[in-house]
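**Student:** The structure is given below, and queries will be raised subsequently.
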Amino acid sequence: MDTSIHITPSTERQVLETRSLPFGKIPTEHMFQAVYSEDHWHSARIVPFEDLTLSPLALCLHYGQTVFEGLKAFRQSDGRIQVFRLNRHAARFSKSLERMCMPQVSEQLFHEAIMSLVRLDSDWVPQDLDGSLYLRPFMIATEPRIGVKVSDEYLFMVVATPAYSYYNKPLRVKLETNFSRAAEGGTGYAKCGGNYGGAFLPTRRAAEEGFDQVIWTDAKSHYFIEESGTMNLMFYWNGRLRTPPLSSSILDGVTRDSLLHLAKDMGIPTETSPIAWHELESALAKGEKLEAFGAGTAAVVAPISTLSINGNDYTCYTGSDAVMFRLRDRLNEIRRGLAPDPYGWNHLL
Ligand code: COI
């Protein structure tokens, strides 16, 4: 396909201050879009950010045929801008599209769309060490048709928004053993909209009880830890960094993967094996020092201070010398160009 992108810059340019606003409220000045119809992608363009026009019959509005990604651009200490682990996000986007029966986007188009948007809106990449530009590629089924079918038409878009901390304090989380997020063979590993919409009710119930997030357990036995609302879960105790293995019901998190690599490099033993919530409960009940945290692109490393298991609140370790903060700092040093990038994760503009 033709991957040339037509660019129409906005006439008035103004970078807005977004630090004090909730995550994802303010888009940058441009957006990328490409259209799929008659079995091919075309009309790739970057235009000033604006609302979409969509038929009320569009299939995405009715049957949830939507997929998205989330990745970040960082300003390095030398001023250059890099997009973190672009290839890995492209690969995951591709897997999600396959699961949702949506057309593939070539890696070249995915790269060009993102790099061109970041280049044009580079003034929006924060200078601050705790800031980044969050990029949201997504695809929606646009064919106007109420009948239940796989769409023949799609829109692939990328929008961007400056990002600071997703969570501004250590989290209180509740183990969820009633509702399920994803079942074996379902869409849990895909980044499709429905996985998130389905989590809203349990998360709201947990919020009413004073919790920031839920910890999902497997849909069959509710015995094994899976992930949390917006991130994978990791634990450090007994000298090991542990996280559940990937499965059809767990998202293959890019931050999870990065932290596992960094832990190995830093000499921290890692283990990816099923974690039963009983193991956590018994360690916490015995007063063992246990770190629990979420790992995700938006959340980065989100410390968990309270883990509530069957009505009992346990305190997890969040001291400043915690292993999770060493991992977070190393990750940030690489992203800022302050430490070597041995895996070639930084995709420079
Ligand atoms: C991300 O971390 O990029 C996510 O997609 C999680 C959330 C913001 C939906």
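Residues in the structure tokens are numbered from 1 in each chain, the chains being A, B, ... in the order shown, and ligands are numbered from 1 in the order shown.
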What residues have any atom no more than 6 Å from ligand 1 when counting only C-alpha atoms and all ligand atoms, and can you list them as a PyMOL selection string?
**Tutor:** chain A and resi 70-71+230+296-299
**Student:** Please identify every residue of segment 82-183 of chain A that has at least one atom no farther than 8 Å from an atom of segment 254-266 of chain A, counting only C-alpha atoms, and for each give the shortest atom pair and the distance in Å to one decimal, arranged by chain then increasing number, as a tab-separated table.
**Tutor:**
```
residue	atom	partner	partner_atom	distance
A:Arg85	CA	A:Val254	CA	7.8
A:Arg88	CA	A:Val254	CA	7.1
A:His89	CA	A:Val254	CA	7.4
```
**Student:** Next, the residues of the selection above should be written as a PDB file, in the first residue's frame with N, CA and C atoms.
**Tutor:**
```
ATOM      1  N   ARG A  85       9.913   1.499  22.595  1.00  0.00           N
ATOM      2  CA  ARG A  85       9.527   0.140  22.193  1.00  0.00           C
ATOM      3  C   ARG A  85       8.401   0.124  21.144  1.00  0.00           C
ATOM      4  N   ARG A  88       7.572  -3.332  19.606  1.00  0.00           N
ATOM      5  CA  ARG A  88       6.813  -4.251  20.477  1.00  0.00           C
ATOM      6  C   ARG A  88       5.330  -3.842  20.518  1.00  0.00           C
ATOM      7  N   HIS A  89       5.092  -2.543  20.518  1.00  0.00           N
ATOM      8  CA  HIS A  89       3.699  -2.090  20.505  1.00  0.00           C
ATOM      9  C   HIS A  89       3.038  -2.426  19.162  1.00  0.00           C
TER      10      HIS A  89
END
```
**Student:** Return the single residue from A:Leu117, A:Ile334, A:Ile225, A:Met100 that is closest to Ile140 of chain A, with distances computed using only C-alpha atoms.
**Tutor:**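 Nearest candidate to Ile140 of chain A out of A:Leu117, A:Ile334, A:Ile225, A:Met100: A:Met100.
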**Student:** Point out the residue among A:Met234, A:Val150, A:Cys192, A:Ala163 with the least atom-to-atom distance to Arg19 of chain A, counting only C-alpha atoms.
**Tutor:** A:Ala163
**Student:** Name the residues of segment 193-339 of chain A that fall into strand (DSSP E or B) according to DSSP on the backbone, using the chain letters and numbers of this document, as a ChimeraX atom specification.
**Tutor:** /A:213-217,224-228,231-237,240-243,270-272,276,291-296,300-309,312-315
**Student:** Looking at A:Glu184, A:Glu176, A:Asp329, A:Asp218, which one is nearest to Asn310 of chain A, with distances taken over only C-alpha atoms?
**Tutor:**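 For Asn310 of chain A, the nearest of the given residues is A:Glu176.
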**Student:** Taking into account only C-alpha atoms, which residue in the set A:Ala295, A:Ile26, A:Leu175, A:Ala285 is nearest to Met231 of chain A?
**Tutor:**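 Nearest to Met231 of chain A: A:Ala295.
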**Student:** Can you pull out every residue within 12 Å of Glu281 of chain A, counting only C-alpha atoms, but drop anything in the same chain fewer than 5 positions away, and send it as a list of chain:residue names?
**Tutor:** A:Leu175, A:Tyr223, A:Ile225, A:Ile275, A:Ala276, A:Lys286, A:Gly287, A:Glu288, A:Lys289, A:Leu290, A:Thr306, A:Leu307, A:Ser308, A:Ile309, A:Asn310, A:Gly311, A:Asn312, A:Asp313, A:Tyr314, A:Thr315, A:Cys316
**Student:** May I have the selected residues written with all heavy atoms, as a compact mmCIF listing (two decimals), in the first residue's frame?
**Tutor:**
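And here's result.txt as it stands now:
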```
# COMPACT_ATOMS: atom_id res chain seq x y z
N LEU A 175 -8.64 -7.64 46.14
CA LEU A 175 -8.65 -8.88 45.37
C LEU A 175 -10.09 -9.16 44.95
O LEU A 175 -11.00 -9.15 45.77
CB LEU A 175 -8.15 -10.03 46.26
CG LEU A 175 -7.98 -11.35 45.53
CD1 LEU A 175 -6.61 -11.41 44.87
CD2 LEU A 175 -8.15 -12.51 46.49
N TYR A 223 -8.51 -18.34 41.92
CA TYR A 223 -7.47 -18.73 42.85
C TYR A 223 -6.13 -18.06 42.50
O TYR A 223 -5.33 -17.75 43.35
CB TYR A 223 -7.34 -20.25 42.76
CG TYR A 223 -6.50 -20.91 43.79
CD1 TYR A 223 -6.97 -21.10 45.09
CD2 TYR A 223 -5.22 -21.39 43.46
CE1 TYR A 223 -6.17 -21.72 46.04
CE2 TYR A 223 -4.43 -22.01 44.41
CZ TYR A 223 -4.92 -22.17 45.69
OH TYR A 223 -4.14 -22.80 46.64
N ILE A 225 -3.76 -15.05 40.67
CA ILE A 225 -3.70 -13.62 40.36
C ILE A 225 -3.51 -13.45 38.85
O ILE A 225 -2.69 -14.15 38.24
CB ILE A 225 -2.46 -13.00 41.07
CG1 ILE A 225 -2.52 -13.20 42.58
CG2 ILE A 225 -2.26 -11.56 40.68
CD1 ILE A 225 -3.55 -12.42 43.28
N ILE A 275 0.65 -17.37 40.54
CA ILE A 275 0.69 -16.89 41.93
C ILE A 275 -0.72 -17.03 42.49
O ILE A 275 -1.65 -16.37 42.03
CB ILE A 275 1.13 -15.41 42.00
CG1 ILE A 275 2.49 -15.21 41.31
CG2 ILE A 275 1.18 -14.94 43.46
CD1 ILE A 275 2.94 -13.76 41.20
N ALA A 276 -0.86 -17.92 43.47
CA ALA A 276 -2.16 -18.08 44.12
C ALA A 276 -2.30 -16.97 45.17
O ALA A 276 -1.31 -16.63 45.83
CB ALA A 276 -2.24 -19.44 44.79
N LYS A 286 1.96 -13.22 57.82
CA LYS A 286 3.13 -13.51 58.68
C LYS A 286 4.00 -12.27 58.87
O LYS A 286 5.03 -12.31 59.52
CB LYS A 286 3.99 -14.60 58.01
CG LYS A 286 3.46 -16.01 58.26
CD LYS A 286 4.49 -17.04 57.80
CE LYS A 286 3.99 -17.75 56.56
NZ LYS A 286 4.94 -18.33 55.71
N GLY A 287 3.59 -11.18 58.21
CA GLY A 287 4.36 -9.93 58.36
C GLY A 287 5.60 -9.89 57.49
O GLY A 287 6.51 -9.10 57.72
N GLU A 288 5.65 -10.77 56.45
CA GLU A 288 6.83 -10.74 55.58
C GLU A 288 6.83 -9.45 54.77
O GLU A 288 5.77 -8.91 54.45
CB GLU A 288 6.80 -11.94 54.61
CG GLU A 288 7.15 -13.23 55.29
CD GLU A 288 7.09 -14.43 54.35
OE1 GLU A 288 7.18 -14.23 53.12
OE2 GLU A 288 6.91 -15.54 54.86
N LYS A 289 8.05 -9.00 54.43
CA LYS A 289 8.17 -7.77 53.63
C LYS A 289 7.84 -8.12 52.18
O LYS A 289 8.55 -8.91 51.55
CB LYS A 289 9.60 -7.27 53.76
CG LYS A 289 9.85 -5.93 53.14
CD LYS A 289 11.24 -5.45 53.60
CE LYS A 289 11.79 -4.40 52.70
NZ LYS A 289 13.18 -4.06 53.02
N LEU A 290 6.76 -7.58 51.69
CA LEU A 290 6.31 -7.92 50.34
C LEU A 290 5.99 -6.63 49.58
O LEU A 290 5.26 -5.78 50.08
CB LEU A 290 5.07 -8.81 50.43
CG LEU A 290 4.48 -9.37 49.14
CD1 LEU A 290 3.89 -10.76 49.38
CD2 LEU A 290 3.42 -8.47 48.54
N THR A 306 -1.87 -1.00 49.99
CA THR A 306 -2.79 -1.87 50.72
C THR A 306 -3.38 -2.90 49.78
O THR A 306 -3.86 -2.56 48.70
CB THR A 306 -3.96 -1.03 51.31
OG1 THR A 306 -3.40 -0.02 52.12
CG2 THR A 306 -4.91 -1.89 52.13
N LEU A 307 -3.31 -4.13 50.22
CA LEU A 307 -3.88 -5.22 49.43
C LEU A 307 -4.97 -5.85 50.30
O LEU A 307 -4.70 -6.35 51.40
CB LEU A 307 -2.76 -6.22 49.12
CG LEU A 307 -3.05 -7.46 48.33
CD1 LEU A 307 -3.88 -7.15 47.09
CD2 LEU A 307 -1.74 -8.10 47.90
N SER A 308 -6.20 -5.78 49.83
CA SER A 308 -7.31 -6.29 50.62
C SER A 308 -7.70 -7.67 50.10
O SER A 308 -8.06 -7.83 48.93
CB SER A 308 -8.49 -5.32 50.53
OG SER A 308 -9.55 -5.82 51.29
N ILE A 309 -7.58 -8.67 50.96
CA ILE A 309 -7.89 -10.04 50.56
C ILE A 309 -9.01 -10.55 51.45
O ILE A 309 -8.85 -10.63 52.68
CB ILE A 309 -6.65 -10.95 50.68
CG1 ILE A 309 -5.50 -10.37 49.83
CG2 ILE A 309 -6.97 -12.38 50.28
CD1 ILE A 309 -4.22 -11.18 49.85
N ASN A 310 -10.14 -10.84 50.84
CA ASN A 310 -11.31 -11.35 51.58
C ASN A 310 -11.64 -10.52 52.82
O ASN A 310 -11.85 -11.06 53.91
CB ASN A 310 -11.09 -12.82 51.99
CG ASN A 310 -10.93 -13.68 50.76
OD1 ASN A 310 -11.47 -13.35 49.70
ND2 ASN A 310 -10.18 -14.75 50.88
N GLY A 311 -11.62 -9.21 52.65
CA GLY A 311 -12.04 -8.33 53.75
C GLY A 311 -10.92 -7.96 54.71
O GLY A 311 -11.11 -7.12 55.60
N ASN A 312 -9.73 -8.57 54.56
CA ASN A 312 -8.61 -8.20 55.44
C ASN A 312 -7.64 -7.30 54.67
O ASN A 312 -7.19 -7.67 53.58
CB ASN A 312 -7.84 -9.44 55.91
CG ASN A 312 -8.72 -10.31 56.77
OD1 ASN A 312 -9.44 -9.83 57.65
ND2 ASN A 312 -8.71 -11.61 56.48
N ASP A 313 -7.34 -6.14 55.24
CA ASP A 313 -6.41 -5.22 54.60
C ASP A 313 -4.98 -5.49 55.06
O ASP A 313 -4.71 -5.46 56.26
CB ASP A 313 -6.77 -3.76 54.97
CG ASP A 313 -8.02 -3.30 54.24
OD1 ASP A 313 -8.62 -4.11 53.51
OD2 ASP A 313 -8.38 -2.12 54.41
N TYR A 314 -4.10 -5.74 54.12
CA TYR A 314 -2.69 -5.99 54.44
C TYR A 314 -1.85 -4.85 53.88
O TYR A 314 -2.14 -4.33 52.80
CB TYR A 314 -2.22 -7.31 53.83
CG TYR A 314 -2.95 -8.51 54.38
CD1 TYR A 314 -3.99 -9.11 53.66
CD2 TYR A 314 -2.61 -9.04 55.63
CE1 TYR A 314 -4.66 -10.20 54.17
CE2 TYR A 314 -3.28 -10.14 56.14
CZ TYR A 314 -4.30 -10.71 55.41
OH TYR A 314 -4.97 -11.80 55.91
N THR A 315 -0.78 -4.53 54.61
CA THR A 315 0.10 -3.44 54.16
C THR A 315 1.28 -4.03 53.39
O THR A 315 1.95 -4.94 53.87
CB THR A 315 0.62 -2.65 55.39
OG1 THR A 315 -0.53 -2.15 56.07
CG2 THR A 315 1.50 -1.49 54.97
N CYS A 316 1.51 -3.48 52.20
CA CYS A 316 2.65 -3.92 51.40
C CYS A 316 3.77 -2.89 51.57
O CYS A 316 3.51 -1.71 51.86
CB CYS A 316 2.28 -4.01 49.92
SG CYS A 316 0.91 -5.13 49.64
```
**Student:** Considering only C-alpha atoms, can you say which of A:Leu348, A:Leu129, A:Ile46, A:Ile215 comes closest to Ser165 of chain A?
**Tutor:** A:Leu129
